[in-house]
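Quick look at model-v5.cif (mmCIF, C-alpha atoms and all ligand atoms):
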```cif
data_run
loop_
_atom_site.label_atom_id
_atom_site.label_comp_id
_atom_site.auth_asym_id
_atom_site.auth_seq_id
_atom_site.Cartn_x
_atom_site.Cartn_y
_atom_site.Cartn_z
CA MET A 167 124.48 71.02 93.10
CA SER A 168 122.86 73.79 95.15
CA ARG A 169 119.21 74.60 94.66
CA ILE A 170 118.07 77.74 92.89
CA ALA A 171 114.90 79.76 93.52
CA TYR A 172 113.33 82.46 91.37
CA VAL A 173 112.52 85.65 93.29
CA ASN A 174 111.11 88.68 91.46
CA GLY A 175 113.17 88.42 88.30
CA LEU A 176 116.31 86.87 89.77
CA TYR A 177 117.53 83.30 90.05
CA VAL A 178 119.15 83.10 93.50
CA PRO A 179 120.64 80.38 95.73
CA PHE A 180 117.82 78.72 97.67
CA GLU A 181 119.54 79.36 101.04
CA SER A 182 119.48 83.12 100.57
CA ALA A 183 116.16 83.38 98.69
CA ALA A 184 113.98 85.88 100.58
CA VAL A 185 111.15 88.37 100.15
CA HIS A 186 110.70 91.81 101.71
CA VAL A 187 109.18 92.05 105.22
CA GLU A 188 106.37 94.18 103.80
CA ASP A 189 105.45 91.77 101.03
CA ARG A 190 101.66 91.58 101.29
CA GLY A 191 101.80 87.81 101.05
CA TYR A 192 103.78 87.80 104.29
CA GLN A 193 101.73 90.54 105.98
CA PHE A 194 98.17 89.70 104.85
CA ALA A 195 98.31 86.37 102.99
CA ASP A 196 97.35 88.58 100.04
CA GLY A 197 98.40 86.17 97.31
CA VAL A 198 97.78 82.94 95.44
CA TYR A 199 99.83 79.88 94.57
CA GLU A 200 100.08 76.77 92.44
CA VAL A 201 101.82 73.42 92.84
CA ILE A 202 102.69 71.73 89.54
CA ALA A 203 104.14 68.24 89.16
CA VAL A 204 107.19 67.74 86.97
CA HIS A 205 107.80 64.51 85.07
CA LYS A 206 110.62 63.82 82.64
CA GLY A 207 111.64 67.46 82.91
CA ARG A 208 108.24 68.80 81.84
CA MET A 209 105.25 70.19 83.70
CA VAL A 210 102.25 67.91 84.07
CA ASP A 211 98.93 69.52 83.08
CA ALA A 212 100.40 73.02 82.94
CA ASP A 213 97.39 74.40 81.07
CA PRO A 214 94.72 73.69 83.71
CA HIS A 215 97.12 74.89 86.42
CA PHE A 216 97.63 78.15 84.53
CA ASP A 217 93.86 78.48 83.98
CA ARG A 218 93.26 78.11 87.71
CA LEU A 219 96.05 80.55 88.59
CA TRP A 220 94.60 83.18 86.28
CA ARG A 221 91.13 82.60 87.78
CA SER A 222 92.48 82.97 91.35
CA LEU A 223 94.34 86.18 90.41
CA ALA A 224 91.23 87.63 88.74
CA GLU A 225 89.07 86.85 91.81
CA LEU A 226 91.46 88.92 93.93
CA SER A 227 92.19 91.62 91.31
CA ILE A 228 95.91 90.81 91.39
CA ASP A 229 97.69 91.56 88.12
CA PRO A 230 99.46 88.51 86.72
CA ALA A 231 103.19 89.21 86.98
CA MET A 232 103.66 88.26 83.33
CA SER A 233 102.05 86.49 80.37
CA ARG A 234 101.37 82.75 80.45
CA GLU A 235 104.16 82.21 77.93
CA ALA A 236 106.63 84.19 80.04
CA LEU A 237 105.57 82.34 83.18
CA ALA A 238 106.02 78.98 81.45
CA HIS A 239 109.49 80.12 80.39
CA VAL A 240 110.50 81.12 83.92
CA LEU A 241 109.15 77.88 85.38
CA LEU A 242 111.08 75.80 82.85
CA GLU A 243 114.21 77.88 83.40
CA THR A 244 113.90 77.22 87.16
CA LEU A 245 113.73 73.50 86.36
CA ARG A 246 116.75 73.76 84.10
CA ARG A 247 118.85 75.62 86.63
CA ASN A 248 117.98 73.01 89.25
CA ARG A 249 118.55 70.16 86.77
CA LEU A 250 115.23 68.86 87.95
CA ARG A 251 113.43 66.16 85.96
CA GLU A 252 111.15 64.62 88.61
CA GLY A 253 109.57 66.75 91.30
CA ILE A 254 107.37 69.67 92.14
CA LEU A 255 107.27 73.33 91.13
CA TYR A 256 105.80 75.80 93.64
CA LEU A 257 104.87 79.29 92.53
CA GLN A 258 103.39 82.14 94.51
CA MET A 259 102.14 85.53 93.32
CA THR A 260 101.31 88.24 95.82
CA ARG A 261 100.11 91.83 95.61
CA GLY A 262 103.73 92.83 96.14
CA VAL A 263 105.55 95.07 98.60
CA ALA A 264 103.85 98.14 100.04
CA LYS A 265 103.62 100.13 103.27
CA ARG A 266 101.40 98.11 105.59
CA ASP A 267 97.77 99.12 105.00
CA HIS A 268 94.86 96.75 104.45
CA GLY A 269 93.51 98.41 101.29
CA PHE A 270 95.20 97.73 97.97
CA PRO A 271 98.31 99.82 97.23
CA LYS A 272 97.84 102.46 94.51
CA GLU A 273 100.41 100.97 92.16
CA PRO A 274 100.83 97.34 93.14
CA ARG A 275 103.67 95.37 91.59
CA THR A 276 102.89 91.67 91.70
CA ALA A 277 105.64 89.66 93.37
CA LEU A 278 106.53 86.21 92.03
CA VAL A 279 108.45 83.48 93.79
CA ILE A 280 109.18 80.01 92.38
CA THR A 281 110.84 77.04 94.05
CA ALA A 282 111.53 73.57 92.70
CA ARG A 283 111.82 70.39 94.75
CA ARG A 284 113.01 66.93 93.82
CA GLY A 285 110.85 63.86 94.38
CA GLY A 286 107.16 64.46 94.85
CA ARG A 287 105.86 61.17 93.55
CA PRO A 288 103.64 59.48 96.15
CA SER A 289 105.13 56.42 97.82
CA PRO A 290 103.73 53.05 96.65
CA LYS A 291 103.00 52.16 100.29
CA GLY A 292 100.08 54.61 100.45
CA MET A 293 98.54 52.88 97.45
CA GLU A 294 99.10 49.40 98.87
CA ASP A 295 97.83 50.07 102.39
CA GLY A 296 95.55 53.06 101.94
CA VAL A 297 95.41 55.93 104.42
CA GLU A 298 93.24 57.14 107.26
CA VAL A 299 91.33 60.42 107.38
CA LEU A 300 89.88 62.27 110.36
CA MET A 301 86.72 64.35 110.09
CA VAL A 302 87.12 67.94 111.31
CA PRO A 303 84.79 70.95 111.17
CA ASP A 304 85.34 73.16 108.11
CA ILE A 305 86.18 76.56 109.63
CA ARG A 306 87.30 78.22 106.36
CA TRP A 307 85.89 81.24 104.53
CA ASP A 308 83.34 81.32 101.67
CA ARG A 309 85.81 81.55 98.80
CA CYS A 310 87.71 78.27 98.93
CA ASN A 311 87.64 78.16 95.11
CA ILE A 312 90.49 80.71 95.21
CA LYS A 313 93.89 79.06 95.65
CA SER A 314 94.91 81.61 98.25
CA VAL A 315 98.05 81.37 100.40
CA SER A 316 95.78 82.04 103.38
CA LEU A 317 95.87 78.45 104.61
CA LEU A 318 95.67 78.64 108.40
CA PRO A 319 92.49 76.52 108.76
CA ASN A 320 94.03 73.96 106.39
CA VAL A 321 97.24 73.98 108.45
CA LEU A 322 95.26 73.34 111.65
CA ALA A 323 93.21 70.60 109.98
CA LYS A 324 96.31 68.80 108.69
CA GLN A 325 97.95 69.08 112.11
CA ALA A 326 94.85 67.62 113.78
CA ALA A 327 95.07 64.70 111.34
CA ARG A 328 98.77 64.14 112.09
CA GLU A 329 98.24 64.30 115.84
CA GLY A 330 95.41 61.79 115.42
CA GLY A 331 97.72 59.46 113.50
CA ALA A 332 95.90 60.08 110.20
CA PHE A 333 97.16 61.16 106.78
CA GLU A 334 94.54 63.78 106.02
CA ALA A 335 91.60 65.66 107.54
CA TRP A 336 88.29 65.81 105.69
CA GLN A 337 86.51 69.04 106.48
CA VAL A 338 82.79 68.91 107.23
CA ASP A 339 80.48 71.90 106.73
CA LYS A 340 77.78 73.07 109.18
CA ASP A 341 75.17 70.81 107.54
CA GLY A 342 77.27 67.68 107.96
CA PHE A 343 78.52 67.50 104.37
CA VAL A 344 82.16 66.85 103.52
CA THR A 345 83.74 69.71 101.59
CA GLU A 346 87.31 68.53 100.90
CA GLY A 347 90.60 67.59 102.56
CA SER A 348 93.05 70.13 103.95
CA SER A 349 95.10 69.83 100.74
CA THR A 350 93.19 67.24 98.72
CA ASN A 351 89.77 66.64 97.15
CA ALA A 352 87.47 64.03 98.70
CA TRP A 353 85.67 61.23 96.86
CA ILE A 354 83.54 58.18 97.65
CA VAL A 355 82.26 55.28 95.58
CA ASP A 356 78.52 54.68 96.01
CA GLY A 357 76.67 51.33 96.07
CA ASP A 358 76.27 51.40 92.26
CA GLY A 359 80.00 51.91 91.65
CA ASN A 360 79.56 55.60 90.77
CA LEU A 361 82.08 58.20 91.92
CA VAL A 362 80.75 60.97 94.11
CA THR A 363 82.64 64.22 94.73
CA ARG A 364 81.40 67.62 95.82
CA GLN A 365 80.19 69.98 93.10
CA LEU A 366 82.37 72.93 92.15
CA GLU A 367 81.36 76.00 94.09
CA SER A 368 83.07 78.31 96.52
CA ALA A 369 83.22 75.61 99.25
CA ILE A 370 86.02 73.68 97.53
CA LEU A 371 89.08 74.17 95.37
CA SER A 372 88.80 72.94 91.81
CA GLY A 373 91.60 70.36 92.04
CA ILE A 374 93.45 69.63 88.83
CA ILE A 375 93.55 65.90 89.58
CA ARG A 376 89.81 66.07 90.35
CA LEU A 377 89.31 67.63 86.91
CA VAL A 378 91.54 65.16 85.08
CA LEU A 379 90.05 62.17 86.87
CA GLN A 380 86.55 63.12 85.81
CA ASP A 381 87.60 62.79 82.18
CA LEU A 382 89.57 59.60 82.78
CA ALA A 383 86.62 58.04 84.63
CA ALA A 384 84.19 59.02 81.87
CA SER A 385 86.41 57.48 79.20
CA ALA A 386 86.51 54.25 81.24
CA GLY A 387 82.70 54.24 81.51
CA ILE A 388 82.69 55.14 85.22
CA LYS A 389 80.01 57.64 86.13
CA VAL A 390 80.92 60.71 88.21
CA ILE A 391 78.18 62.37 90.25
CA GLU A 392 79.01 65.87 91.50
CA ARG A 393 77.14 66.36 94.74
CA ALA A 394 77.84 66.84 98.41
CA PHE A 395 78.01 63.70 100.57
CA THR A 396 77.75 63.50 104.34
CA ALA A 397 80.40 62.24 106.74
CA ASP A 398 78.07 59.30 107.56
CA GLU A 399 77.70 58.46 103.88
CA ALA A 400 81.49 58.40 103.57
CA ARG A 401 81.75 56.01 106.53
CA ASP A 402 79.23 53.66 104.84
CA ALA A 403 80.70 53.99 101.33
CA SER A 404 82.08 50.93 99.56
CA GLU A 405 85.30 52.86 98.82
CA ALA A 406 86.73 56.30 99.45
CA PHE A 407 89.78 58.08 98.11
CA LEU A 408 91.44 61.46 97.86
CA THR A 409 93.19 63.26 95.02
CA SER A 410 95.88 65.90 94.66
CA THR A 411 98.96 66.79 92.64
CA THR A 412 101.23 65.20 95.25
CA SER A 413 98.98 62.27 96.30
CA PHE A 414 97.61 61.35 92.84
CA VAL A 415 94.69 59.00 93.65
CA LEU A 416 95.07 57.61 97.17
CA PRO A 417 92.74 55.08 98.81
CA VAL A 418 91.13 56.11 102.10
CA VAL A 419 90.58 52.91 104.11
CA ARG A 420 89.71 54.30 107.56
CA ILE A 421 87.71 57.26 108.77
CA ASP A 422 88.10 58.27 112.41
CA GLY A 423 89.60 54.86 113.16
CA GLU A 424 86.74 52.84 111.58
CA PRO A 425 87.40 50.80 108.43
CA ILE A 426 85.64 51.61 105.17
CA GLY A 427 84.30 48.42 103.60
CA ASP A 428 86.81 45.68 104.34
CA GLY A 429 89.48 48.25 105.25
CA LEU A 430 91.53 47.62 102.10
CA PRO A 431 91.97 49.69 98.92
CA GLY A 432 89.06 48.86 96.61
CA PRO A 433 88.99 47.87 92.93
CA VAL A 434 87.49 51.14 91.65
CA THR A 435 90.17 53.21 93.40
CA LYS A 436 92.90 50.93 92.06
CA LYS A 437 91.54 51.26 88.53
CA LEU A 438 91.40 55.07 88.81
CA ARG A 439 94.96 55.17 90.10
CA GLU A 440 96.11 53.11 87.12
CA LEU A 441 94.32 55.51 84.79
CA TYR A 442 95.89 58.51 86.49
CA ASP A 443 99.37 56.92 86.46
CA GLY A 444 99.00 56.46 82.70
CA HIS A 445 97.94 60.07 82.27
CA PHE A 446 100.92 61.24 84.37
CA GLU A 447 103.34 59.14 82.33
CA GLY A 448 102.10 60.95 79.24
CA ARG A 449 102.65 64.22 81.18
CA GLY A 450 99.01 65.20 80.97
CA ARG A 451 97.57 67.79 78.70
CA ASN A 452 99.28 70.51 76.73
CA SER A 453 102.33 70.95 78.88
CA PRO A 454 105.33 73.01 77.88
N1 LIG A 501 91.82 71.12 97.87
C1 LIG A 501 92.71 71.89 98.53
C2 LIG A 501 92.24 72.73 99.67
C3 LIG A 501 94.06 71.89 98.14
O1 LIG A 501 94.94 72.68 98.78
C4 LIG A 501 94.47 71.07 97.06
C5 LIG A 501 95.92 71.04 96.65
N2 LIG A 501 96.38 72.24 96.19
C6 LIG A 501 93.51 70.29 96.40
C7 LIG A 501 92.20 70.34 96.84
C8 LIG A 501 93.90 69.41 95.24
O2 LIG A 501 94.22 70.19 94.13
P1 LIG A 501 95.18 69.64 92.98
O3 LIG A 501 94.52 68.39 92.45
O4 LIG A 501 95.19 70.72 91.98
O5 LIG A 501 96.50 69.37 93.61
#
```
Before anything else, please render the file you have as structure tokens.
Amino acid sequence: MSRIAYVNGLYVPFESAAVHVEDRGYQFADGVYEVIAVHKGRMVDADPHFDRLWRSLAELSIDPAMSREALAHVLLETLRRNRLREGILYLQMTRGVAKRDHGFPKEPRTALVITARRGGRPSPKGMEDGVEVLMVPDIRWDRCNIKSVSLLPNVLAKQAAREGGAFEAWQVDKDGFVTEGSSTNAWIVDGDGNLVTRQLESAILSGIIRLVLQDLAASAGIKVIERAFTADEARDASEAFLTSTTSFVLPVVRIDGEPIGDGLPGPVTKKLRELYDGHFEGRGRNSP
């Protein structure tokens, strides 16, 4: 069966799905996006994803293309047309097509593109072996809380990680504190078994798995401390891990080639992954 994409009101074959050359997403990265996991034909944690999308749009004064209900309908219809039960939905909203000029167009018409992809569940090998991260300078702007399609620094960070044989890059701010990964949130476990992850502010994206895991940890009696940690603290941590919609909870066992602890996934990370797997099986919260 051929894949189908949604482009501005039409369901079209994936091969010929295209946007206009003067779409402001293409010209200026003037848009936002979301990546939502699909399990058993339903979206996982749709509500917090929608909340974040609406926040990102509001930050950039982009009109939502439609209501939340209508968007949920279009996303589910894209799944249906692709006969997709396990995978990933990608959606992007931009300030639409207009003659190239930096300022906002007078009457912008938000453009919406949706694609669906099979698979998307992290491989068990990552969980068994853990992954390596490289530390790189954070060269991004001051509004990383917006899920903008302007991802060039993230692209360069991920590429640096790949070229260094690592899975992910952890970005470090000018004061030596880790902000987050190129497409993941960063966590460590301190000497008392508490989880430490950077506080929500404009230096990081509010990851949905980060959000969900805070609740899951609390219900399991594991304390979460929201504060910045340094790259050195991460190297000396008893455990480290990263989170994202596509990675779930993934143990980080090496930083810049040096093992963390004994270099194996730790018990706290394993426990959190189990908790998240359970949450995912139940398809998260309030999902259409
Ligand atoms: N930080 C960044 C920069 C990201 O791109 C992502 C993935 N979109 C995350 C964190 C993790 O977010 P989520 O848990 O919602 O996938």
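Atom CA of Val198 of chain A is found 6.9 Å from atom CA of Leu223 of chain A.
Restricting the calculation to all atoms listed in the file, the smallest distance between ligand LIG 501 (chain A) and any of A:Lys324, A:Arg190, A:Arg169, A:Lys272 is found for A:Lys324.
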ask   = Any idea what the distance is between atom CA of Ile354 of chain A and atom CA of Leu408 of chain A?
value = 8.6 Å
inquiry  = Can you pull out every residue with an atom within 7 Å of ligand LIG 501 (chain A)? Use all atoms listed in the file and format it as an MDAnalysis selection string.
reply    = chainID A and resid 200:201 346:351 370:376 409:412
task = Would you list the contacts of segment 256-259 of chain A as number ranges by chain, taking every protein, DNA or RNA residue within 6 Å and counting all atoms listed in the file, but skipping same-chain residues closer than 5 positions in sequence?
result = A: 197-201, 277-281
query = At what distance in Å, to one decimal, does atom CA of Glu392 of chain A lie from atom CA of Gly448 of chain A?
reply =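 Atom CA of Glu392 of chain A lies 26.6 Å from atom CA of Gly448 of chain A.
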Counting only C-alpha atoms, which residues of segment 262-306 of chain A sit at most 12 Å from some atom of segment 397-403 of chain A, and what is each one's closest atom pair with its distance in Å to one decimal, listed by chain and rising residue number, as CSV?
```
residue,atom,partner,partner_atom,distance
A:Glu298,CA,A:Arg401,CA,11.6
A:Val299,CA,A:Arg401,CA,10.6
A:Leu300,CA,A:Ala397,CA,10.1
A:Met301,CA,A:Ala397,CA,7.5
A:Val302,CA,A:Ala397,CA,9.9
A:Pro303,CA,A:Ala397,CA,10.7
```
Please rebuild segment 336-361 of chain A with N, CA and C atoms and give the result as a compact mmCIF listing (two decimals), keeping the file's coordinate frame.
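Heads up, here's the output in out-v1.txt:
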```
# COMPACT_ATOMS: atom_id res chain seq x y z
N TRP A 336 89.39 65.41 106.58
CA TRP A 336 88.29 65.81 105.69
C TRP A 336 87.43 66.80 106.45
N GLN A 337 87.22 67.95 105.82
CA GLN A 337 86.51 69.04 106.48
C GLN A 337 85.01 68.90 106.23
N VAL A 338 84.24 69.13 107.29
CA VAL A 338 82.79 68.91 107.23
C VAL A 338 82.08 70.24 107.49
N ASP A 339 81.15 70.59 106.59
CA ASP A 339 80.48 71.90 106.73
C ASP A 339 79.39 71.84 107.82
N LYS A 340 78.74 72.98 108.05
CA LYS A 340 77.78 73.07 109.18
C LYS A 340 76.60 72.13 109.02
N ASP A 341 76.30 71.72 107.77
CA ASP A 341 75.17 70.81 107.54
C ASP A 341 75.58 69.35 107.54
N GLY A 342 76.83 69.08 107.86
CA GLY A 342 77.27 67.68 107.96
C GLY A 342 77.83 67.11 106.66
N PHE A 343 77.99 67.96 105.65
CA PHE A 343 78.52 67.50 104.37
C PHE A 343 80.04 67.72 104.29
N VAL A 344 80.72 66.74 103.71
CA VAL A 344 82.16 66.85 103.52
C VAL A 344 82.42 67.88 102.42
N THR A 345 83.36 68.80 102.67
CA THR A 345 83.74 69.71 101.59
C THR A 345 84.94 69.11 100.84
N GLU A 346 86.09 69.09 101.51
CA GLU A 346 87.31 68.53 100.90
C GLU A 346 88.35 68.33 101.98
N GLY A 347 89.51 67.75 101.61
CA GLY A 347 90.60 67.59 102.56
C GLY A 347 91.32 68.91 102.79
N SER A 348 92.32 68.89 103.67
CA SER A 348 93.05 70.13 103.95
C SER A 348 93.91 70.52 102.74
N SER A 349 94.34 69.52 101.96
CA SER A 349 95.10 69.83 100.74
C SER A 349 94.78 68.83 99.63
N THR A 350 93.58 68.27 99.69
CA THR A 350 93.19 67.24 98.72
C THR A 350 91.68 67.32 98.48
N ASN A 351 91.21 66.78 97.38
CA ASN A 351 89.77 66.64 97.15
C ASN A 351 89.29 65.27 97.66
N ALA A 352 88.04 65.23 98.07
CA ALA A 352 87.47 64.03 98.70
C ALA A 352 86.46 63.34 97.78
N TRP A 353 86.54 62.02 97.73
CA TRP A 353 85.67 61.23 96.86
C TRP A 353 85.18 59.99 97.60
N ILE A 354 83.98 59.51 97.21
CA ILE A 354 83.54 58.18 97.65
C ILE A 354 83.01 57.43 96.44
N VAL A 355 82.89 56.12 96.61
CA VAL A 355 82.26 55.28 95.58
C VAL A 355 80.94 54.81 96.17
N ASP A 356 79.83 55.06 95.45
CA ASP A 356 78.52 54.68 96.01
C ASP A 356 78.21 53.21 95.72
N GLY A 357 77.05 52.75 96.19
CA GLY A 357 76.67 51.33 96.07
C GLY A 357 76.58 50.85 94.63
N ASP A 358 76.36 51.77 93.69
CA ASP A 358 76.27 51.40 92.26
C ASP A 358 77.61 51.51 91.54
N GLY A 359 78.68 51.79 92.29
CA GLY A 359 80.00 51.91 91.65
C GLY A 359 80.24 53.27 91.01
N ASN A 360 79.35 54.24 91.29
CA ASN A 360 79.56 55.60 90.77
C ASN A 360 80.50 56.38 91.69
N LEU A 361 81.24 57.31 91.10
CA LEU A 361 82.08 58.20 91.92
C LEU A 361 81.26 59.40 92.36
```
